[in-house]
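Colleague: My file is target06.txt. It has compact mmCIF, C-alpha atoms:
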# COMPACT_ATOMS: atom_id res chain seq x y z
CA MET A 1 83.42 86.83 97.84
CA ALA A 2 81.57 85.17 94.97
CA ALA A 3 78.54 87.39 95.65
CA ASP A 4 80.65 90.56 95.57
CA ILE A 5 82.31 89.50 92.32
CA LEU A 6 78.94 88.95 90.63
CA LEU A 7 77.06 91.85 92.20
CA TYR A 8 79.54 94.42 90.89
CA ASP A 9 80.03 92.86 87.43
CA ALA A 10 83.72 92.11 87.87
CA ARG A 11 85.21 90.91 84.61
CA MET A 12 88.76 90.15 85.73
CA VAL A 13 89.57 89.20 89.33
CA PRO A 14 93.23 89.33 90.44
CA VAL A 15 93.75 86.74 93.18
CA GLY A 16 96.36 84.50 94.75
CA TYR A 17 96.28 80.73 94.29
CA ASP A 18 94.37 80.22 97.54
CA GLN A 19 91.53 82.50 96.37
CA LYS A 20 91.15 81.00 92.90
CA GLN A 21 88.41 78.63 94.07
CA HIS A 22 86.18 81.58 95.02
CA VAL A 23 86.38 82.98 91.50
CA GLU A 24 85.66 79.54 90.10
CA LEU A 25 82.55 79.38 92.30
CA ALA A 26 81.47 82.80 91.02
CA ARG A 27 81.93 81.57 87.45
CA THR A 28 79.80 78.48 88.10
CA ILE A 29 77.01 80.52 89.69
CA ALA A 30 77.04 83.06 86.85
CA GLU A 31 76.93 80.39 84.15
CA ARG A 32 74.08 78.49 85.82
CA PHE A 33 72.04 81.63 86.48
CA ASN A 34 72.55 82.85 82.93
CA ARG A 35 71.48 79.50 81.49
CA THR A 36 68.33 79.48 83.61
CA TYR A 37 67.24 83.12 83.54
CA GLY A 38 69.09 84.67 80.61
CA ASP A 39 72.23 86.75 80.33
CA THR A 40 72.50 88.58 83.67
CA PHE A 41 75.96 88.20 85.20
CA HIS A 42 79.39 88.62 83.68
CA VAL A 43 81.35 85.37 83.90
CA PRO A 44 84.53 86.57 85.64
CA GLU A 45 88.01 85.56 84.59
CA VAL A 46 90.75 84.60 87.05
CA LYS A 47 93.88 86.74 86.91
CA LEU A 48 96.92 85.06 88.46
CA LYS A 49 100.28 86.81 88.45
CA ASP A 50 103.22 84.90 87.05
CA VAL A 51 105.18 85.95 90.14
CA GLY A 52 103.67 86.43 93.58
CA ALA A 53 100.43 84.49 93.25
CA LYS A 54 101.51 82.76 96.45
CA ILE A 55 103.84 84.45 98.93
CA LEU A 56 105.12 82.20 101.69
CA GLY A 57 105.72 82.82 105.38
CA LEU A 58 109.05 84.39 106.26
CA ASP A 59 109.45 82.10 109.25
CA ASP A 60 108.18 78.99 107.44
CA PRO A 61 108.51 79.02 103.64
CA THR A 62 106.44 75.84 103.36
CA LYS A 63 103.25 77.72 104.37
CA LYS A 64 101.58 80.77 102.83
CA MET A 65 102.16 84.20 104.35
CA SER A 66 99.21 85.12 106.55
CA LYS A 67 98.48 87.91 109.01
CA SER A 68 96.70 85.31 111.15
CA ALA A 69 99.98 83.45 111.70
CA LYS A 70 101.02 83.00 115.33
CA SER A 71 104.29 84.86 114.86
CA GLU A 72 104.50 88.43 113.54
CA LYS A 73 107.81 87.40 111.97
CA SER A 74 105.83 85.36 109.46
CA TYR A 75 104.42 88.28 107.49
CA ILE A 76 104.96 91.86 106.38
CA SER A 77 102.20 94.31 107.31
CA VAL A 78 101.43 97.23 105.00
CA MET A 79 102.10 99.64 107.87
CA ASP A 80 105.28 97.99 109.19
CA SER A 81 108.03 100.57 109.72
CA ALA A 82 111.23 100.40 107.70
CA ASP A 83 113.06 99.05 110.75
CA VAL A 84 110.47 96.31 111.31
CA VAL A 85 110.49 95.32 107.62
CA HIS A 86 114.27 95.12 107.70
CA LYS A 87 114.30 92.96 110.84
CA LYS A 88 111.63 90.59 109.52
CA ILE A 89 113.33 90.10 106.15
CA MET A 90 116.77 89.67 107.74
CA SER A 91 115.37 86.96 110.03
CA ALA A 92 113.60 85.14 107.18
CA VAL A 93 114.24 81.39 107.09
CA THR A 94 116.46 80.27 104.22
CA ASP A 95 118.62 77.11 104.07
CA ASP A 96 122.20 75.90 104.31
CA LYS A 97 122.88 75.47 100.59
CA GLY A 98 124.71 78.78 100.34
CA ALA A 99 123.73 79.35 96.70
CA ILE A 100 121.03 81.69 95.43
CA ALA A 101 118.76 79.87 93.01
CA TYR A 102 115.13 80.37 91.99
CA SER A 103 114.12 76.83 92.75
CA ASP A 104 111.45 74.90 94.62
CA ASP A 105 114.36 73.14 96.34
CA GLN A 106 115.08 76.46 98.05
CA PRO A 107 111.62 77.75 99.05
CA GLY A 108 112.94 80.42 101.41
CA ILE A 109 115.27 81.91 98.80
CA LYS A 110 112.64 81.63 96.07
CA ASN A 111 110.16 83.43 98.31
CA LEU A 112 112.59 86.29 98.96
CA ILE A 113 113.26 86.58 95.24
CA ASP A 114 109.51 86.72 94.56
CA ILE A 115 109.08 89.49 97.14
CA TYR A 116 112.07 91.39 95.73
CA SER A 117 110.68 90.97 92.22
CA LEU A 118 107.27 92.37 93.16
CA ALA A 119 108.75 95.29 95.08
CA SER A 120 111.34 96.25 92.47
CA ASP A 121 109.61 95.32 89.19
CA GLN A 122 112.54 93.10 88.22
CA THR A 123 112.14 89.54 86.99
CA PRO A 124 113.14 86.64 89.26
CA GLU A 125 115.58 85.58 86.55
CA LYS A 126 117.39 88.92 86.61
CA ILE A 127 117.55 88.98 90.40
CA THR A 128 118.88 85.42 90.50
CA GLN A 129 121.53 86.34 87.94
CA ASP A 130 122.50 89.52 89.80
CA TYR A 131 122.98 87.61 93.07
CA ALA A 132 124.68 84.53 91.66
CA ASP A 133 127.97 85.46 93.33
CA LYS A 134 126.48 87.08 96.43
CA GLY A 135 125.33 85.78 99.79
CA TYR A 136 121.97 85.40 101.48
CA GLY A 137 122.63 88.51 103.58
CA ASP A 138 122.99 90.64 100.45
CA LEU A 139 119.73 89.31 99.03
CA LYS A 140 117.89 89.90 102.29
CA LYS A 141 119.26 93.43 102.75
CA ASP A 142 118.31 94.49 99.23
CA THR A 143 114.92 92.77 99.41
CA ALA A 144 114.15 94.73 102.58
CA ALA A 145 115.27 97.99 100.95
CA ALA A 146 113.10 97.35 97.89
CA LEU A 147 110.11 96.48 100.05
CA VAL A 148 110.52 99.61 102.17
CA GLY A 149 110.68 101.70 99.00
CA TYR A 150 107.56 100.02 97.67
CA LEU A 151 105.53 100.47 100.85
CA SER A 152 106.60 104.03 101.71
CA PRO A 153 104.32 105.93 99.28
CA LEU A 154 101.34 103.79 100.29
CA GLN A 155 102.07 104.30 103.99
CA LYS A 156 102.35 108.04 103.43
CA LYS A 157 98.95 108.15 101.71
CA ILE A 158 97.32 106.04 104.43
CA GLY A 159 98.88 108.31 107.05
CA GLU A 160 97.38 111.37 105.34
CA TYR A 161 93.92 109.83 105.41
CA LEU A 162 94.27 108.80 109.05
CA THR A 163 95.19 112.34 110.11
CA ASP A 164 92.05 113.80 108.46
CA GLU A 165 89.18 111.77 109.87
CA THR A 166 86.51 114.03 108.32
CA GLU A 167 87.86 113.52 104.81
CA LEU A 168 88.30 109.80 105.40
CA ILE A 169 84.67 109.43 106.49
CA ARG A 170 83.53 111.50 103.50
CA ILE A 171 85.40 109.19 101.11
CA LEU A 172 84.07 106.06 102.83
CA ASP A 173 80.50 107.37 102.76
CA ALA A 174 80.77 108.31 99.09
CA GLY A 175 82.13 104.87 98.26
CA ALA A 176 79.37 103.15 100.24
CA MET A 177 76.72 105.20 98.46
CA ARG A 178 78.15 104.35 95.03
CA ALA A 179 78.35 100.66 95.97
CA ARG A 180 74.69 100.70 97.08
CA GLU A 181 73.64 102.29 93.80
CA ILE A 182 75.40 99.61 91.75
CA ALA A 183 74.15 96.78 93.96
CA SER A 184 70.54 98.03 93.94
CA ALA A 185 70.49 98.32 90.16
CA LYS A 186 71.91 94.83 89.74
CA MET A 187 69.53 93.27 92.25
CA ALA A 188 66.56 94.92 90.51
CA ILE A 189 67.58 93.11 87.33
CA VAL A 190 68.03 89.82 89.20
CA ARG A 191 64.62 90.08 90.87
CA GLN A 192 62.98 90.86 87.57
CA LYS A 193 64.63 87.83 85.94
CA VAL A 194 63.53 85.42 88.68
CA GLY A 195 60.09 86.99 89.10
CA VAL A 196 60.49 88.26 92.66
CA SER A 197 59.00 91.60 93.70
CA LEU A 198 59.65 93.61 96.85
CA HIS A 199 56.08 94.93 96.78
Please go through the file and, once you have read it, give me the structure as structure tokens.
Modeller:
Amino acid sequence: MAADILLYDARMVPVGYDQKQHVELARTIAERFNRTYGDTFHVPEVKLKDVGAKILGLDDPTKKMSKSAKSEKSYISVMDSADVVHKKIMSAVTDDKGAIAYSDDQPGIKNLIDIYSLASDQTPEKITQDYADKGYGDLKKDTAAALVGYLSPLQKKIGEYLTDETELIRILDAGAMRAREIASAKMAIVRQKVGVSLH
């Protein structure tokens, strides 16, 4: 990850909390290389979102959401159908407090509010206020609806690409060629700086 960040001159890298260390490593490498061989790499900045930098598992809100989790109920997949999204959100672990608050004391509720916030472009504060007199079921139902609405356009676009394999391959090949061009140009500069020749 650090190599990709540096190779393609990334200036700002949006990541979750668990990926921040990779950007920090890229920064360290860039700074050391630049000190030794001269200005070569951009020193990338970490971009963490105020909301959603760490989304937790639906079945265990003490652990991060991960597609490698044992249970599929732990995470939302980009291609999950509306019905599956609804079932997963409705079965999300909450608590027995009965009150909707955006608090670390209620990690399950806070996680649902974060997901709702990201999918609806509303602040956690507004969502918390709107659901102050409502139940967990209401929050879950509306979170699922917002998430389905957010994913639908993306799923449609992915579906279009998957039904036209020729166009998909053309796009992938064009992207790979452009990536090679950028990487080759950057590596030529790096080799020149360190005094390494391919010939």
Colleague: With distances taken over only C-alpha atoms, which residue among A:Asp114, A:Glu181, A:Asp60, A:Glu167 lies nearest Thr128 in chain A?
Modeller: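 Closest to Thr128 in chain A, using only C-alpha atoms: A:Asp114.
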Colleague: From the options A:Gln106, A:Thr123, A:Ser91, A:Thr163, which residue's atoms come nearest to Lys141 in chain A, counting only C-alpha atoms?
Modeller: A:Ser91
Colleague: Between A:Asp105, A:Glu45, A:Asp39, A:Glu165, which has the minimum distance to Lys20 in chain A (counting only C-alpha atoms)?
Modeller: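 Comparing A:Asp105, A:Glu45, A:Asp39, A:Glu165 against Lys20 in chain A, the winner is A:Glu45.
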Colleague: Please determine, counting all atoms listed in the file, which residue among A:Ile127, A:Ala101, A:Val148, A:Leu118 has the shortest atom-to-atom distance to Ser81 in chain A.
Modeller: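 Answer, going by the shortest atom-to-atom distance: A:Val148.
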Colleague: For a test of reading the model, state the distance in Å between CA of Gly159 in chain A and CA of Ala145 in chain A, rounded to one decimal.
Modeller: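 Separating CA of Gly159 in chain A from CA of Ala145 in chain A is a distance of 20.3 Å.
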Colleague: How many Å lie between CA of Ser74 in chain A and CA of Ala144 in chain A, rounded to one decimal?
Modeller: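 Computed distance, CA of Ser74 in chain A to CA of Ala144 in chain A, equals 14.3 Å.
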